[in-house]
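Before any comments, here is the structure.
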Amino acid sequence: MLKEWRANRALRARAAAYVATLFLDPPEPDVQWLTANGTTGDVDHARWELRYARRALGLLTAQRDALDDRTGSAVAAALGRALAGDAAIAPGRLRIAERQLNARLRAYGDALVRREGAGTGWHLGRALLDFAGRKEGSPPEVVARAGDILARYLGESNEALREHFGAPRLAEGVPANATGY
């Protein structure tokens with residue numbers, strides 16, 4: 001029983017450390033770009049949107065790419081605790097923030113599985129711009145740049161996931177192409 005308690009405690013600590021990486025503020029060039037190309041000059045909205053995109057994509061990464069099935073649940077719980085303590089969320093507005101994050105989880109999750117048309121990056125970029133308020137048609141280079149930003153956030157999330165939860169390893173002596181995939 002003590003071994004299980006320690007393992008659960010370690011999982012919770014890894015999830016909290018991973019979620020801390022998702023709470024880093026977005027790079028200022030990304031904020032400035034989205035301000036100019038998506039939020040019609042609203043810097044706070046651009047920053048907020050990029051924060052929530054990173055958090056949603058980080059949770060989706062944990063659910064999709066983790067080595068252990070419990071990782072996604074542990075990250076979701078840690079994300080919930082972190083949101084509850086987020087100073088950027090006004091008192092009494094946690095439920096609204098949770099609903100908004102859930103909307104982004106659905107939209108970005110859908111975008112990640114859509115392959116038709118211009119591909120996943122395009123769908124991610126279009127979702128970011130929609131949430132940012134740019135509902136009218138966007139030039140292809142704007143949608144592509146938005147998709148590039150979110151693709152970078154996905155890569156960073158995957159890197160942080162491997163750092164905190166480990167990277168996949170093949171058994172010694174098994175060639176990479178022997179997995180049957």
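To be explicit about the labels: the chains of the structure tokens are called A, B, and onward in the order shown, and within each one the residues are counted from 1, while ligands get numbers from 1 in the order they are shown.
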
| Residue contacts of Ala82 in chain A (12 Å, only C-alpha atoms) excluding same-chain residues fewer than 2 positions away, as number ranges by chain | A: 15-24, 55, 75-80, 84-89, 94, 97-98

Dump of N, CA and C atoms for the selected residues, as a PDB file, in the first residue's frame:
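Okay, selection-v9.pdb is ready:
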ATOM      1  N   ALA A  15       3.038  15.290 -12.926  1.00  0.00           N
ATOM      2  CA  ALA A  15       1.956  16.003 -13.621  1.00  0.00           C
ATOM      3  C   ALA A  15       1.981  17.486 -13.271  1.00  0.00           C
ATOM      4  N   ALA A  16       2.207  17.812 -12.014  1.00  0.00           N
ATOM      5  CA  ALA A  16       2.266  19.222 -11.603  1.00  0.00           C
ATOM      6  C   ALA A  16       3.446  19.932 -12.269  1.00  0.00           C
ATOM      7  N   ALA A  17       4.578  19.254 -12.364  1.00  0.00           N
ATOM      8  CA  ALA A  17       5.753  19.855 -13.014  1.00  0.00           C
ATOM      9  C   ALA A  17       5.493  20.053 -14.501  1.00  0.00           C
ATOM     10  N   TYR A  18       4.844  19.096 -15.126  1.00  0.00           N
ATOM     11  CA  TYR A  18       4.503  19.227 -16.547  1.00  0.00           C
ATOM     12  C   TYR A  18       3.530  20.381 -16.751  1.00  0.00           C
ATOM     13  N   VAL A  19       2.506  20.459 -15.946  1.00  0.00           N
ATOM     14  CA  VAL A  19       1.515  21.533 -16.071  1.00  0.00           C
ATOM     15  C   VAL A  19       2.166  22.894 -15.848  1.00  0.00           C
ATOM     16  N   ALA A  20       3.156  22.965 -14.982  1.00  0.00           N
ATOM     17  CA  ALA A  20       3.857  24.241 -14.777  1.00  0.00           C
ATOM     18  C   ALA A  20       4.458  24.743 -16.085  1.00  0.00           C
ATOM     19  N   THR A  21       4.914  23.836 -16.943  1.00  0.00           N
ATOM     20  CA  THR A  21       5.454  24.267 -18.237  1.00  0.00           C
ATOM     21  C   THR A  21       4.351  24.803 -19.141  1.00  0.00           C
ATOM     22  N   LEU A  22       3.129  24.322 -18.946  1.00  0.00           N
ATOM     23  CA  LEU A  22       2.001  24.781 -19.752  1.00  0.00           C
ATOM     24  C   LEU A  22       1.511  26.159 -19.297  1.00  0.00           C
ATOM     25  N   PHE A  23       1.928  26.556 -18.109  1.00  0.00           N
ATOM     26  CA  PHE A  23       1.511  27.850 -17.566  1.00  0.00           C
ATOM     27  C   PHE A  23       2.541  28.946 -17.810  1.00  0.00           C
ATOM     28  N   LEU A  24       3.579  28.646 -18.558  1.00  0.00           N
ATOM     29  CA  LEU A  24       4.520  29.693 -18.931  1.00  0.00           C
ATOM     30  C   LEU A  24       3.816  30.648 -19.885  1.00  0.00           C
ATOM     31  N   ARG A  55      -2.227  25.418 -22.961  1.00  0.00           N
ATOM     32  CA  ARG A  55      -2.748  24.512 -21.933  1.00  0.00           C
ATOM     33  C   ARG A  55      -3.596  23.404 -22.555  1.00  0.00           C
ATOM     34  N   VAL A  75      -2.569  14.634 -15.495  1.00  0.00           N
ATOM     35  CA  VAL A  75      -2.334  15.974 -16.038  1.00  0.00           C
ATOM     36  C   VAL A  75      -3.622  16.790 -15.994  1.00  0.00           C
ATOM     37  N   ALA A  76      -4.753  16.176 -16.316  1.00  0.00           N
ATOM     38  CA  ALA A  76      -6.033  16.893 -16.260  1.00  0.00           C
ATOM     39  C   ALA A  76      -6.323  17.367 -14.837  1.00  0.00           C
ATOM     40  N   ALA A  77      -6.065  16.520 -13.858  1.00  0.00           N
ATOM     41  CA  ALA A  77      -6.288  16.910 -12.461  1.00  0.00           C
ATOM     42  C   ALA A  77      -5.341  18.034 -12.052  1.00  0.00           C
ATOM     43  N   ALA A  78      -4.076  17.932 -12.449  1.00  0.00           N
ATOM     44  CA  ALA A  78      -3.099  18.981 -12.126  1.00  0.00           C
ATOM     45  C   ALA A  78      -3.459  20.292 -12.816  1.00  0.00           C
ATOM     46  N   LEU A  79      -3.941  20.198 -14.040  1.00  0.00           N
ATOM     47  CA  LEU A  79      -4.365  21.394 -14.761  1.00  0.00           C
ATOM     48  C   LEU A  79      -5.548  22.048 -14.056  1.00  0.00           C
ATOM     49  N   GLY A  80      -6.482  21.258 -13.588  1.00  0.00           N
ATOM     50  CA  GLY A  80      -7.621  21.792 -12.840  1.00  0.00           C
ATOM     51  C   GLY A  80      -7.183  22.504 -11.573  1.00  0.00           C
ATOM     52  N   ALA A  84      -7.440  26.584 -10.806  1.00  0.00           N
ATOM     53  CA  ALA A  84      -8.097  27.090  -9.591  1.00  0.00           C
ATOM     54  C   ALA A  84      -7.213  28.091  -8.856  1.00  0.00           C
ATOM     55  N   GLY A  85      -5.914  27.967  -9.000  1.00  0.00           N
ATOM     56  CA  GLY A  85      -4.990  28.883  -8.326  1.00  0.00           C
ATOM     57  C   GLY A  85      -4.407  29.948  -9.238  1.00  0.00           C
ATOM     58  N   ASP A  86      -4.903  30.056 -10.466  1.00  0.00           N
ATOM     59  CA  ASP A  86      -4.354  30.997 -11.442  1.00  0.00           C
ATOM     60  C   ASP A  86      -4.764  32.425 -11.092  1.00  0.00           C
ATOM     61  N   ALA A  87      -3.791  33.258 -10.797  1.00  0.00           N
ATOM     62  CA  ALA A  87      -4.058  34.653 -10.441  1.00  0.00           C
ATOM     63  C   ALA A  87      -4.620  35.451 -11.614  1.00  0.00           C
ATOM     64  N   ALA A  88      -4.448  34.952 -12.832  1.00  0.00           N
ATOM     65  CA  ALA A  88      -4.962  35.656 -14.011  1.00  0.00           C
ATOM     66  C   ALA A  88      -6.470  35.457 -14.189  1.00  0.00           C
ATOM     67  N   ILE A  89      -7.058  34.540 -13.416  1.00  0.00           N
ATOM     68  CA  ILE A  89      -8.503  34.310 -13.488  1.00  0.00           C
ATOM     69  C   ILE A  89      -9.150  35.103 -12.362  1.00  0.00           C
ATOM     70  N   LEU A  94     -13.827  31.194 -12.304  1.00  0.00           N
ATOM     71  CA  LEU A  94     -13.185  29.914 -12.594  1.00  0.00           C
ATOM     72  C   LEU A  94     -14.055  29.048 -13.501  1.00  0.00           C
ATOM     73  N   ALA A  97     -13.754  30.196 -17.012  1.00  0.00           N
ATOM     74  CA  ALA A  97     -12.445  29.823 -17.557  1.00  0.00           C
ATOM     75  C   ALA A  97     -12.413  28.339 -17.904  1.00  0.00           C
ATOM     76  N   GLU A  98     -13.002  27.493 -17.059  1.00  0.00           N
ATOM     77  CA  GLU A  98     -13.044  26.054 -17.342  1.00  0.00           C
ATOM     78  C   GLU A  98     -13.860  25.762 -18.602  1.00  0.00           C
TER      79      GLU A  98
END

| Counting only C-alpha atoms, what is within 10 Å of Thr40 in chain A, bar same-chain residues fewer than 6 positions away, as a PyMOL selection string? | chain A and resi 34+46+132-134

| query | Using only C-alpha atoms, which of A:Leu128, A:Ala36, A:Leu67, A:Leu161 sits nearest Ala146 in chain A? | reply | A:Leu128

| said: Could you list, as number ranges by chain, every residue within 8 Å of Arg54 in chain A, counting only C-alpha atoms and ignoring same-chain residues fewer than 4 positions away? | reply: A: 22-23, 50, 58, 150, 153-154, 157

| message | Residues of chain A classed as helix (DSSP H, G or I) by DSSP on the backbone are to be reported as an MDAnalysis selection string. | response | chainID A and resid 2:22 28:37 43:65 70:84 94:113 120:132 140:165 176:178

| query | Hey, which of A:Gln32, A:Pro140, A:Ser73, A:Ile96 ends up closest to Thr61 in chain A? Count only C-alpha atoms. | reply | A:Ser73

| Residues near Tyr52 in chain A, cut-off 9 Å, only C-alpha atoms, skip fewer than 5 positions along chain, as a PyMOL selection string | chain A and resi 22-23+47+57+100-101+104
